[in-house]
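In what follows, a single structure is set out as structure tokens and then discussed.
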Amino acid sequence: MFTRLFAPKVKVSAHCDLPCGVYDPAQARIEAESVKAVQEKYQANEDADFRTRAVLIKEQRAELAKHHVSVLWSDYFKPPHFEKYPQLHQLVNDTLKALSAAKASNDPATGQKALDLIAEIDKIFWETKKA
């Protein structure tokens, strides 16, 4: 009797943790854009206190970007996506490594490399949304 009382009345399913609409590579891109912008501001300013704050902010933003890329990889992309885009695992790994490099560097070129890789993930992401 209790099992019928507490049994779900409606069954739902989704290919991701929640119905789509909550995942978007834009979150990672925005954080990576911040990383590059901070790197540029760091290069343009000689003040030691400013540079200290810039490094802290850049490292936080890089970690957030890595988080958003990791969530896409672990929660959004599923086996059919990896079958259709066999480069996706390596692309995500390269992106995470690029964000780590940008976190450790004040060279805006490292931030740009991360942005370029996120753009590739973004392209694949939106192609999967059409399917």
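Chain labels follow the order of the structure tokens: the first chain is A, the next B, and so on; residue numbering restarts at 1 in every chain, and ligands are counted from 1 in their shown order.
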Please list as a short mmCIF file (atom, residue, chain, number, x, y, z; two decimals) with C-alpha atoms, in the first residue's frame every residue within 9 Å of Leu115 of chain A, counting only C-alpha atoms and excluding residues in the same chain fewer than 2 positions away.
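Listed below is the output, out.cif:
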```
data_model
loop_
_atom_site.label_atom_id
_atom_site.label_comp_id
_atom_site.auth_asym_id
_atom_site.auth_seq_id
_atom_site.Cartn_x
_atom_site.Cartn_y
_atom_site.Cartn_z
CA ALA A 28 32.82 29.39 -19.73
CA ARG A 29 33.39 31.93 -22.51
CA ALA A 32 37.62 33.12 -20.11
CA GLU A 33 37.04 36.58 -21.60
CA LYS A 36 42.14 37.52 -21.00
CA THR A 95 40.56 23.39 -23.14
CA ALA A 98 44.67 25.84 -21.76
CA LEU A 99 42.65 27.36 -18.93
CA THR A 110 47.18 32.06 -23.16
CA GLY A 111 43.76 33.54 -22.48
CA GLN A 112 43.10 33.78 -26.21
CA LYS A 113 44.05 30.14 -26.74
CA LEU A 117 39.13 26.20 -27.73
CA ILE A 118 35.95 27.20 -25.91
CA ALA A 119 34.65 28.48 -29.25
CA GLU A 120 35.18 25.00 -30.71
#
```
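Within 12 Å of Thr52 of chain A, once only C-alpha atoms are used and residues closer than 3 positions along the same chain are dropped, the contacting residues are Val38, Gln39, Lys41, Tyr42, Asn45, Glu46, Asp47, Ala48, Asp49, Val55, Leu56, Ile57, Lys58, Glu59 and Asn106 of chain A.
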List the neighbours of Glu127 of chain A out to 12 Å using only C-alpha atoms; skip same-chain residues closer than 6 positions along the sequence, and give me the result as a tab-separated table (two decimals) with N, CA, C and O atoms, in the first residue's frame.
```
chain	number	residue	atom	x	y	z
A	77	PHE	N	27.25	16.57	-22.31
A	77	PHE	CA	27.64	15.70	-23.42
A	77	PHE	C	27.47	14.23	-23.02
A	77	PHE	O	27.88	13.82	-21.94
A	81	HIS	N	26.97	12.04	-28.41
A	81	HIS	CA	27.75	13.23	-28.80
A	81	HIS	C	29.21	12.84	-29.05
A	81	HIS	O	29.83	13.30	-30.01
A	84	LYS	N	29.54	11.04	-32.36
A	84	LYS	CA	29.45	11.94	-33.51
A	84	LYS	C	30.65	12.88	-33.60
A	84	LYS	O	31.07	13.26	-34.69
A	85	TYR	N	31.19	13.26	-32.46
A	85	TYR	CA	32.33	14.18	-32.39
A	85	TYR	C	33.47	13.50	-31.63
A	85	TYR	O	33.69	13.78	-30.44
A	120	GLU	N	35.38	26.30	-30.05
A	120	GLU	CA	35.18	25.00	-30.71
A	120	GLU	C	34.15	24.16	-29.96
A	120	GLU	O	33.30	23.50	-30.57
A	121	ILE	N	34.22	24.17	-28.64
A	121	ILE	CA	33.22	23.45	-27.83
A	121	ILE	C	31.85	24.05	-28.07
A	121	ILE	O	30.86	23.34	-28.21
```
### Minimum-distance residue to His67 of chain A, chosen among A:Glu31, A:Asp94, A:Glu40, A:Asp122 (using only C-alpha atoms)
A:Glu31
### Message
Report, in Å with one decimal, the straight-line distance from atom CA of Asp24 of chain A to atom CA of Arg53 of chain A.
### Response
28.5 Å
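All residues of protein, DNA or RNA that reach within 8 Å of Val92 of chain A, judged by only C-alpha atoms and not counting those fewer than 5 positions away in the chain, are Val69, Ser70, Trp73 and Ile121 of chain A.
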Can you write just those residues out, N, CA, C and O atoms, as a compact mmCIF listing (two decimals), in the first residue's frame?
```txt
# COMPACT_ATOMS: atom_id res chain seq x y z
N VAL A 69 33.35 24.28 -18.19
CA VAL A 69 33.73 23.32 -19.23
C VAL A 69 33.57 21.90 -18.69
O VAL A 69 33.03 21.02 -19.37
N SER A 70 33.99 21.67 -17.47
CA SER A 70 33.88 20.33 -16.87
C SER A 70 32.43 19.89 -16.73
O SER A 70 32.11 18.73 -16.96
N TRP A 73 31.15 18.75 -20.04
CA TRP A 73 31.71 17.44 -20.37
C TRP A 73 31.04 16.33 -19.57
O TRP A 73 30.68 15.30 -20.11
N ILE A 121 34.22 24.17 -28.64
CA ILE A 121 33.22 23.45 -27.83
C ILE A 121 31.85 24.05 -28.07
O ILE A 121 30.86 23.34 -28.21
```
#### Entry: DSSP helix (DSSP H, G or I) residues within chain A, as a PyMOL selection string
chain A and resi 2-6+26-43+48-76+79-84+88-103+108-130
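The space between atom CA of His68 of chain A and atom CA of Ala102 of chain A spans 15.4 Å.
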### Message
Would you compute the distance between atom CA of Ala37 of chain A and atom CA of Tyr23 of chain A? Give it in Å to one decimal.
### Response
24.0 Å
